[in-house]
>>> print(open('my_file-v1.cif').read())   # mmCIF, C-alpha atoms
data_coords
#
loop_
_atom_site.label_atom_id
_atom_site.label_comp_id
_atom_site.auth_asym_id
_atom_site.auth_seq_id
_atom_site.Cartn_x
_atom_site.Cartn_y
_atom_site.Cartn_z
CA MET A 1 20.71 -47.99 -56.98
CA ILE A 2 23.04 -45.47 -55.32
CA ASP A 3 26.73 -46.20 -55.90
CA HIS A 4 27.99 -45.65 -52.34
CA PHE A 5 31.48 -46.94 -53.09
CA GLY A 6 31.71 -44.62 -56.10
CA THR A 7 30.72 -41.70 -53.89
CA ILE A 8 33.35 -42.65 -51.30
CA LYS A 9 35.99 -42.86 -54.03
CA VAL A 10 35.10 -39.36 -55.26
CA LEU A 11 35.29 -37.99 -51.70
CA LYS A 12 38.66 -39.67 -51.06
CA ASN A 13 40.08 -37.94 -54.12
CA PHE A 14 38.33 -34.65 -53.41
CA LEU A 15 39.22 -34.05 -49.76
CA PRO A 16 43.05 -33.96 -50.15
CA LEU A 17 42.65 -31.66 -53.14
CA LEU A 18 40.38 -29.38 -51.13
CA GLY A 19 42.96 -29.24 -48.35
CA THR A 20 45.61 -28.07 -50.83
CA LEU A 21 43.33 -25.47 -52.41
CA LYS A 22 42.31 -23.99 -49.04
CA LYS A 23 45.94 -23.18 -48.23
CA ASN A 24 46.37 -21.00 -51.30
CA THR A 25 44.90 -18.04 -53.18
CA ILE A 26 43.06 -18.48 -56.48
CA VAL A 27 42.47 -15.61 -58.90
CA ILE A 28 39.45 -15.97 -61.20
CA LYS A 29 38.90 -13.71 -64.18
CA PHE A 30 35.24 -13.57 -65.19
CA GLY A 31 34.41 -12.19 -68.62
CA GLY A 32 33.38 -12.85 -72.18
CA ALA A 33 29.99 -14.06 -73.37
CA ALA A 34 29.36 -15.70 -69.99
CA MET A 35 28.66 -12.18 -68.69
CA THR A 36 25.82 -11.66 -71.19
CA ASP A 37 23.93 -14.89 -70.48
CA ILE A 38 21.93 -14.67 -67.25
CA THR A 39 21.84 -18.48 -66.85
CA LEU A 40 25.62 -18.75 -67.14
CA ILE A 41 26.10 -15.81 -64.76
CA HIS A 42 24.03 -17.57 -62.12
CA ASP A 43 25.92 -20.86 -62.71
CA ILE A 44 29.24 -19.10 -62.19
CA ILE A 45 27.98 -17.24 -59.12
CA GLU A 46 26.79 -20.57 -57.68
CA ASP A 47 30.25 -22.04 -58.27
CA ILE A 48 31.98 -19.06 -56.66
CA VAL A 49 29.64 -19.18 -53.65
CA LEU A 50 30.28 -22.90 -53.15
CA LEU A 51 34.06 -22.50 -53.45
CA HIS A 52 34.02 -19.57 -51.03
CA ASN A 53 31.90 -21.53 -48.54
CA LEU A 54 34.35 -24.43 -48.79
CA GLY A 55 36.97 -22.04 -47.48
CA LEU A 56 38.92 -21.20 -50.63
CA LYS A 57 40.58 -17.79 -50.79
CA LEU A 58 39.24 -16.29 -54.01
CA ILE A 59 39.82 -13.02 -55.83
CA ILE A 60 37.45 -12.20 -58.69
CA VAL A 61 38.52 -9.89 -61.51
CA HIS A 62 35.86 -9.08 -64.10
CA GLY A 63 35.74 -7.64 -67.56
CA GLY A 64 32.70 -6.46 -69.45
CA GLY A 65 33.58 -6.13 -73.12
CA PRO A 66 30.16 -6.97 -74.63
CA MET A 67 28.35 -4.53 -72.34
CA ILE A 68 30.93 -1.81 -72.98
CA ASN A 69 30.46 -2.31 -76.72
CA PHE A 70 26.69 -2.05 -76.29
CA TRP A 71 26.90 1.30 -74.52
CA LEU A 72 29.57 2.67 -76.88
CA ASN A 73 27.34 1.86 -79.84
CA LYS A 74 24.45 3.56 -78.05
CA ILE A 75 26.33 6.87 -78.18
CA ASN A 76 27.77 6.28 -81.66
CA ILE A 77 31.33 5.43 -80.64
CA LYS A 78 32.72 2.56 -82.68
CA PRO A 79 34.56 0.01 -80.51
CA MET A 80 38.12 -0.49 -81.77
CA PHE A 81 40.85 -2.93 -80.79
CA GLU A 82 44.58 -3.32 -81.42
CA ASN A 83 46.43 -6.51 -80.46
CA GLY A 84 43.45 -7.60 -78.38
CA LEU A 85 43.33 -4.35 -76.36
CA ARG A 86 40.52 -1.80 -76.53
CA VAL A 87 41.56 1.53 -78.06
CA THR A 88 40.63 4.00 -75.31
CA ASP A 89 40.34 7.76 -75.69
CA GLU A 90 38.81 10.08 -73.09
CA LYS A 91 35.19 9.57 -74.19
CA THR A 92 35.61 5.81 -74.40
CA LEU A 93 37.21 5.72 -70.94
CA GLU A 94 34.21 7.52 -69.47
CA VAL A 95 31.89 4.79 -70.76
CA VAL A 96 34.28 1.98 -69.80
CA GLU A 97 34.56 3.21 -66.21
CA MET A 98 30.82 3.77 -65.91
CA VAL A 99 30.02 0.26 -67.14
CA LEU A 100 32.75 -1.62 -65.27
CA CYS A 101 32.71 0.18 -61.93
CA GLY A 102 29.17 1.54 -61.88
CA LYS A 103 27.15 -1.32 -63.34
CA ILE A 104 28.88 -4.68 -63.70
CA ASN A 105 30.88 -4.55 -60.47
CA GLY A 106 27.84 -3.58 -58.42
CA GLU A 107 25.65 -6.25 -59.98
CA LEU A 108 28.19 -9.03 -59.35
CA VAL A 109 28.69 -7.91 -55.76
CA ASN A 110 24.93 -7.83 -55.23
CA LEU A 111 24.50 -11.36 -56.62
CA LEU A 112 27.17 -12.66 -54.28
CA ASN A 113 25.82 -10.79 -51.26
CA ILE A 114 22.28 -12.16 -51.68
CA ASN A 115 23.89 -15.61 -51.62
CA ASN A 116 25.35 -14.84 -48.17
CA VAL A 117 28.87 -14.12 -49.39
CA GLN A 118 30.47 -10.95 -48.06
CA ALA A 119 31.63 -9.51 -51.37
CA ILE A 120 33.39 -6.16 -51.67
CA GLY A 121 33.53 -4.27 -54.98
CA LEU A 122 36.80 -2.55 -55.86
CA SER A 123 38.66 -0.96 -58.69
CA GLY A 124 42.41 -0.50 -58.80
CA LYS A 125 41.81 3.09 -57.66
CA ASP A 126 40.60 2.01 -54.20
CA ALA A 127 43.35 2.73 -51.68
CA GLY A 128 45.58 3.06 -54.76
CA PHE A 129 46.25 -0.64 -54.68
CA ILE A 130 46.97 -0.65 -58.44
CA ILE A 131 49.16 2.12 -59.86
CA ALA A 132 49.05 2.44 -63.64
CA ASN A 133 50.40 4.59 -66.43
CA SER A 134 49.80 4.98 -70.16
CA ILE A 135 50.82 1.96 -72.16
CA ASP A 136 52.70 4.19 -74.63
CA ASN A 137 53.02 7.50 -72.72
CA SER A 138 50.53 9.15 -75.08
CA PRO A 139 48.11 11.60 -73.38
CA SER A 140 45.38 10.58 -75.85
CA ASN A 141 45.77 6.83 -75.25
CA LEU A 142 44.19 5.85 -71.94
CA ILE A 143 44.98 2.15 -72.10
CA GLY A 144 46.92 1.46 -68.94
CA LYS A 145 49.90 -0.66 -68.04
CA ILE A 146 50.37 -1.70 -64.44
CA ILE A 147 53.31 -0.13 -62.65
CA SER A 148 52.76 -1.68 -59.23
CA ILE A 149 50.25 -3.55 -57.08
CA ASP A 150 50.09 -3.25 -53.30
CA PRO A 151 48.44 -6.47 -52.04
CA THR A 152 47.77 -5.07 -48.54
CA LEU A 153 44.09 -4.25 -49.16
CA ILE A 154 43.32 -7.57 -50.87
CA ASN A 155 45.09 -9.52 -48.12
CA LEU A 156 43.12 -7.64 -45.47
CA LEU A 157 39.86 -8.58 -47.18
CA ILE A 158 40.47 -12.26 -47.91
CA ASN A 159 42.01 -12.87 -44.48
CA ASN A 160 38.75 -11.60 -42.96
CA ASN A 161 36.57 -13.82 -45.18
CA TYR A 162 35.56 -11.09 -47.62
CA LEU A 163 35.48 -11.79 -51.34
CA PRO A 164 37.12 -9.03 -53.43
CA VAL A 165 35.52 -8.31 -56.81
CA VAL A 166 37.88 -6.13 -58.87
CA ALA A 167 37.05 -3.91 -61.85
CA PRO A 168 40.08 -3.32 -64.14
CA ILE A 169 40.33 0.45 -63.79
CA ALA A 170 43.31 2.13 -62.12
CA SER A 171 45.02 5.51 -62.00
CA ASN A 172 48.47 7.02 -61.85
CA LEU A 173 49.86 9.04 -58.94
CA ARG A 174 48.31 12.22 -60.39
CA GLY A 175 44.83 10.68 -60.49
CA GLN A 176 44.55 10.07 -64.24
CA SER A 177 42.38 7.01 -64.81
CA TYR A 178 43.27 4.18 -67.19
CA ASN A 179 41.45 1.26 -68.74
CA ILE A 180 43.41 -1.96 -68.26
CA ASN A 181 42.68 -5.27 -69.91
CA ALA A 182 41.00 -7.48 -67.28
CA ASP A 183 43.14 -10.50 -68.19
CA ILE A 184 46.27 -8.46 -67.51
CA VAL A 185 44.89 -7.24 -64.18
CA ALA A 186 44.05 -10.80 -63.14
CA GLY A 187 47.52 -12.00 -64.09
CA GLU A 188 49.28 -9.17 -62.25
CA ILE A 189 47.16 -9.71 -59.13
CA ALA A 190 48.02 -13.42 -59.28
CA CYS A 191 51.70 -12.46 -59.33
CA ALA A 192 51.37 -9.94 -56.50
CA MET A 193 49.41 -12.38 -54.33
CA ASN A 194 51.65 -15.38 -55.08
CA ALA A 195 48.47 -17.14 -56.19
CA HIS A 196 48.38 -20.90 -56.52
CA GLN A 197 46.19 -20.79 -59.62
CA LEU A 198 44.96 -18.29 -62.18
CA ILE A 199 41.72 -19.19 -63.96
CA ILE A 200 40.45 -17.19 -66.92
CA LEU A 201 36.81 -17.76 -67.85
CA THR A 202 36.27 -16.85 -71.47
CA ASP A 203 33.90 -17.48 -74.37
CA THR A 204 36.05 -19.89 -76.36
CA PRO A 205 36.85 -23.58 -75.77
CA GLY A 206 40.44 -22.63 -74.93
CA ILE A 207 43.60 -22.43 -77.03
CA LEU A 208 42.88 -23.84 -80.47
CA LEU A 209 45.45 -25.05 -82.98
CA LYS A 210 43.04 -24.02 -85.74
CA ALA A 211 40.77 -21.01 -85.22
CA SER A 212 37.07 -21.82 -84.84
CA ASP A 213 37.74 -25.58 -84.76
CA PRO A 214 37.07 -26.85 -81.21
CA THR A 215 38.36 -30.30 -82.14
CA THR A 216 41.87 -28.78 -82.22
CA LEU A 217 41.74 -27.74 -78.56
CA LEU A 218 45.13 -27.92 -76.83
CA SER A 219 44.28 -29.08 -73.32
CA SER A 220 47.79 -28.95 -71.86
CA LEU A 221 50.72 -26.73 -72.82
CA ASP A 222 54.06 -25.68 -71.40
CA ILE A 223 55.77 -22.30 -71.77
CA ILE A 224 57.88 -23.38 -74.77
CA LYS A 225 54.83 -24.63 -76.67
CA VAL A 226 52.90 -21.43 -75.97
CA LYS A 227 55.75 -19.19 -77.13
CA THR A 228 56.08 -21.26 -80.31
CA LEU A 229 52.36 -20.84 -81.05
CA ILE A 230 52.64 -17.08 -80.53
CA HIS A 231 55.63 -16.93 -82.89
CA GLN A 232 53.65 -18.94 -85.48
CA ASN A 233 50.69 -16.53 -85.18
CA VAL A 234 48.44 -19.34 -83.98
CA ILE A 235 47.70 -17.39 -80.78
CA THR A 236 46.54 -13.91 -81.78
CA GLY A 237 43.91 -11.24 -81.07
CA GLY A 238 42.01 -11.40 -77.78
CA MET A 239 43.69 -14.68 -76.80
CA LEU A 240 47.10 -13.01 -76.80
CA PRO A 241 46.72 -10.93 -73.58
CA LYS A 242 45.17 -13.97 -71.86
CA VAL A 243 48.11 -16.18 -72.73
CA ASN A 244 50.71 -13.51 -71.95
CA CYS A 245 49.28 -12.90 -68.49
CA CYS A 246 49.34 -16.67 -67.89
CA LEU A 247 53.00 -16.81 -68.90
CA LYS A 248 53.91 -13.97 -66.56
CA ALA A 249 51.98 -15.50 -63.66
CA ILE A 250 53.80 -18.80 -64.12
CA SER A 251 57.16 -17.01 -64.31
CA GLN A 252 56.35 -15.38 -60.95
CA GLY A 253 55.53 -18.66 -59.21
CA THR A 254 51.89 -19.45 -59.97
CA SER A 255 51.61 -23.25 -60.12
CA SER A 256 49.18 -23.45 -63.03
CA THR A 257 47.01 -21.25 -65.19
CA HIS A 258 43.80 -22.21 -66.93
CA ILE A 259 41.86 -20.71 -69.83
CA ILE A 260 38.44 -22.33 -69.64
CA ASP A 261 35.13 -22.03 -71.45
CA GLY A 262 32.74 -20.06 -69.25
CA ARG A 263 29.85 -21.14 -71.50
CA VAL A 264 30.11 -24.69 -70.13
CA PRO A 265 27.81 -24.94 -67.08
CA HIS A 266 29.82 -25.18 -63.85
CA SER A 267 33.12 -25.19 -65.73
CA LEU A 268 34.74 -23.52 -62.74
CA LEU A 269 33.91 -26.38 -60.37
CA LEU A 270 34.87 -28.98 -62.96
CA SER A 271 38.23 -27.29 -63.49
CA LEU A 272 39.10 -26.88 -59.81
CA LEU A 273 37.58 -29.89 -58.11
CA THR A 274 37.74 -32.71 -60.68
CA ASP A 275 40.16 -34.18 -63.19
CA TYR A 276 37.71 -33.46 -66.02
CA THR A 277 39.45 -31.52 -68.79
CA ILE A 278 37.97 -28.05 -69.41
CA GLY A 279 39.81 -25.66 -71.72
CA SER A 280 43.58 -25.24 -71.76
CA THR A 281 46.03 -25.54 -68.90
CA ILE A 282 49.42 -23.81 -69.09
CA ARG A 283 52.20 -24.95 -66.77
CA SER A 284 55.89 -24.18 -66.52
CA CYS A 285 56.90 -27.58 -67.86
#
>>> encode(input="my_file-v1.cif", output="structure tokens")
Amino acid sequence: MIDHFGTIKVLKNFLPLLGTLKKNTIVIKFGGAAMTDITLIHDIIEDIVLLHNLGLKLIIVHGGGPMINFWLNKINIKPMFENGLRVTDEKTLEVVEMVLCGKINGELVNLLNINNVQAIGLSGKDAGFIIANSIDNSPSNLIGKIISIDPTLINLLINNNYLPVVAPIASNLRGQSYNINADIVAGEIACAMNAHQLIILTDTPGILLKASDPTTLLSSLDIIKVKTLIHQNVITGGMLPKVNCCLKAISQGTSSTHIIDGRVPHSLLLSLLTDYTIGSTIRSC
């Protein structure tokens, strides 16, 4: 028997939440193992399409680490990382830009377009909306740090019902390209856009008190707790840039940030539209 009263209760809780979400911008970072599993990709695309059709103002930022590693190995370049960031020389950058801008970005845009969403693929180089420089001023290190973001282009797109899909490549004022961690790009865009929420889809359950033990998931944290865990070396490696970009976004006015498991089917909808706990939420207090 259909539970009509249960359905009405869900709708009564959902509609006010939807009204709040529609007034604000949400930045979603899409990456990790979810980008290598075709079923999960289609689940996430379905979620994004539904949220867009409900009238939410979304900005998608994508990574592509596993696919970059695949192509680097193809040409005998060993992928290397320091503090969760990819070591990027000139040859590595060429592959990174080809994969992110030429392959992944186009494929995501195509998937959204065939689902009747007007998606536009961008990198930070388009209209120079992200200006970057070397993270350590070394000419041989092409990892970028963001100097500035001009939100004019993104605002123009989302205010006209387009869905921006951003690859994390940018350049300096002289045209030198840089590879920027996608989590950092998502966090900086959230700051520049005064986003209501920042959601990072990844391939882990969230922030764990003990590595590789999902039963130690920390579902809710404040800034003090996060900084303590960083100091204690509980948060390290690839989780570190994710958490740091969340902290910065919160410091710049983002209401909440979420690191959620993209391997869970429809985790995006569950995180945004229900009170079901997915991953870790970081708030100011």
>>> atom_distance(input="my_file-v1.cif", atom1="CA of Phe129 (chain A)", atom2="CA of Leu72 (chain A)")
28.0 Å
>>> closest_residue(input="my_file-v1.cif", among="A:Thr216, A:Asn113, A:Asn161, A:Thr36", to="Leu54 (chain A)", atoms="all atoms listed in the file")
A:Asn161
>>> closest_residue(input="my_file-v1.cif", among="A:Thr152, A:Thr25, A:Thr257, A:Thr236", to="Ile130 (chain A)", atoms="only C-alpha atoms")
A:Thr152
>>> resolve_selection(input="my_file-v1.cif", expression="the PyMOL selection byres ((chain A and resi 283) around 7)", output="PyMOL selection string")
chain A and resi 221-223+250+255-257+281-282+284-285
>>> resolve_selection(input="my_file-v1.cif", expression="the PyMOL selection byres ((chain A and resi 45) around 12)", output="number ranges by chain")
A: 28, 30, 34-35, 38-44, 46-52, 60, 107-117, 119, 165, 262, 265-269
>>> closest_residue(input="my_file-v1.cif", among="A:Gly121, A:Gly64, A:Gly238, A:Pro214", to="Ser280 (chain A)", atoms="only C-alpha atoms")
A:Pro214
>>> atom_distance(input="my_file-v1.cif", atom1="CA of Ile199 (chain A)", atom2="CA of Asn105 (chain A)")
18.5 Å
>>> residues_around(input="my_file-v1.cif", residues="Leu198 (chain A)", least_positions_apart="2", cutoff="8 Å", atoms="only C-alpha atoms", output="ChimeraX atom specification")
/A:26-29,186-187,190,195-196,200,246,249,254,256-258
>>> write_last_selection(input="my_file-v1.cif", atoms="C-alpha atoms", output="short mmCIF file (atom, residue, chain, number, x, y, z; two decimals), keeping the file's coordinate frame")
data_model
loop_
_atom_site.label_atom_id
_atom_site.label_comp_id
_atom_site.auth_asym_id
_atom_site.auth_seq_id
_atom_site.Cartn_x
_atom_site.Cartn_y
_atom_site.Cartn_z
CA ILE A 26 43.06 -18.48 -56.48
CA VAL A 27 42.47 -15.61 -58.90
CA ILE A 28 39.45 -15.97 -61.20
CA LYS A 29 38.90 -13.71 -64.18
CA ALA A 186 44.05 -10.80 -63.14
CA GLY A 187 47.52 -12.00 -64.09
CA ALA A 190 48.02 -13.42 -59.28
CA ALA A 195 48.47 -17.14 -56.19
CA HIS A 196 48.38 -20.90 -56.52
CA ILE A 200 40.45 -17.19 -66.92
CA CYS A 246 49.34 -16.67 -67.89
CA ALA A 249 51.98 -15.50 -63.66
CA THR A 254 51.89 -19.45 -59.97
CA SER A 256 49.18 -23.45 -63.03
CA THR A 257 47.01 -21.25 -65.19
CA HIS A 258 43.80 -22.21 -66.93
#
>>> residues_around(input="my_file-v1.cif", residues="Gly175 (chain A)", least_positions_apart="5", cutoff="10 Å", atoms="only C-alpha atoms", output="CSV table (one decimal) with C-alpha atoms, in the coordinates of the input")
chain,number,residue,atom,x,y,z
A,125,LYS,CA,41.8,3.1,-57.7
A,128,GLY,CA,45.6,3.1,-54.8
A,131,ILE,CA,49.2,2.1,-59.9
A,132,ALA,CA,49.0,2.4,-63.6
A,170,ALA,CA,43.3,2.1,-62.1
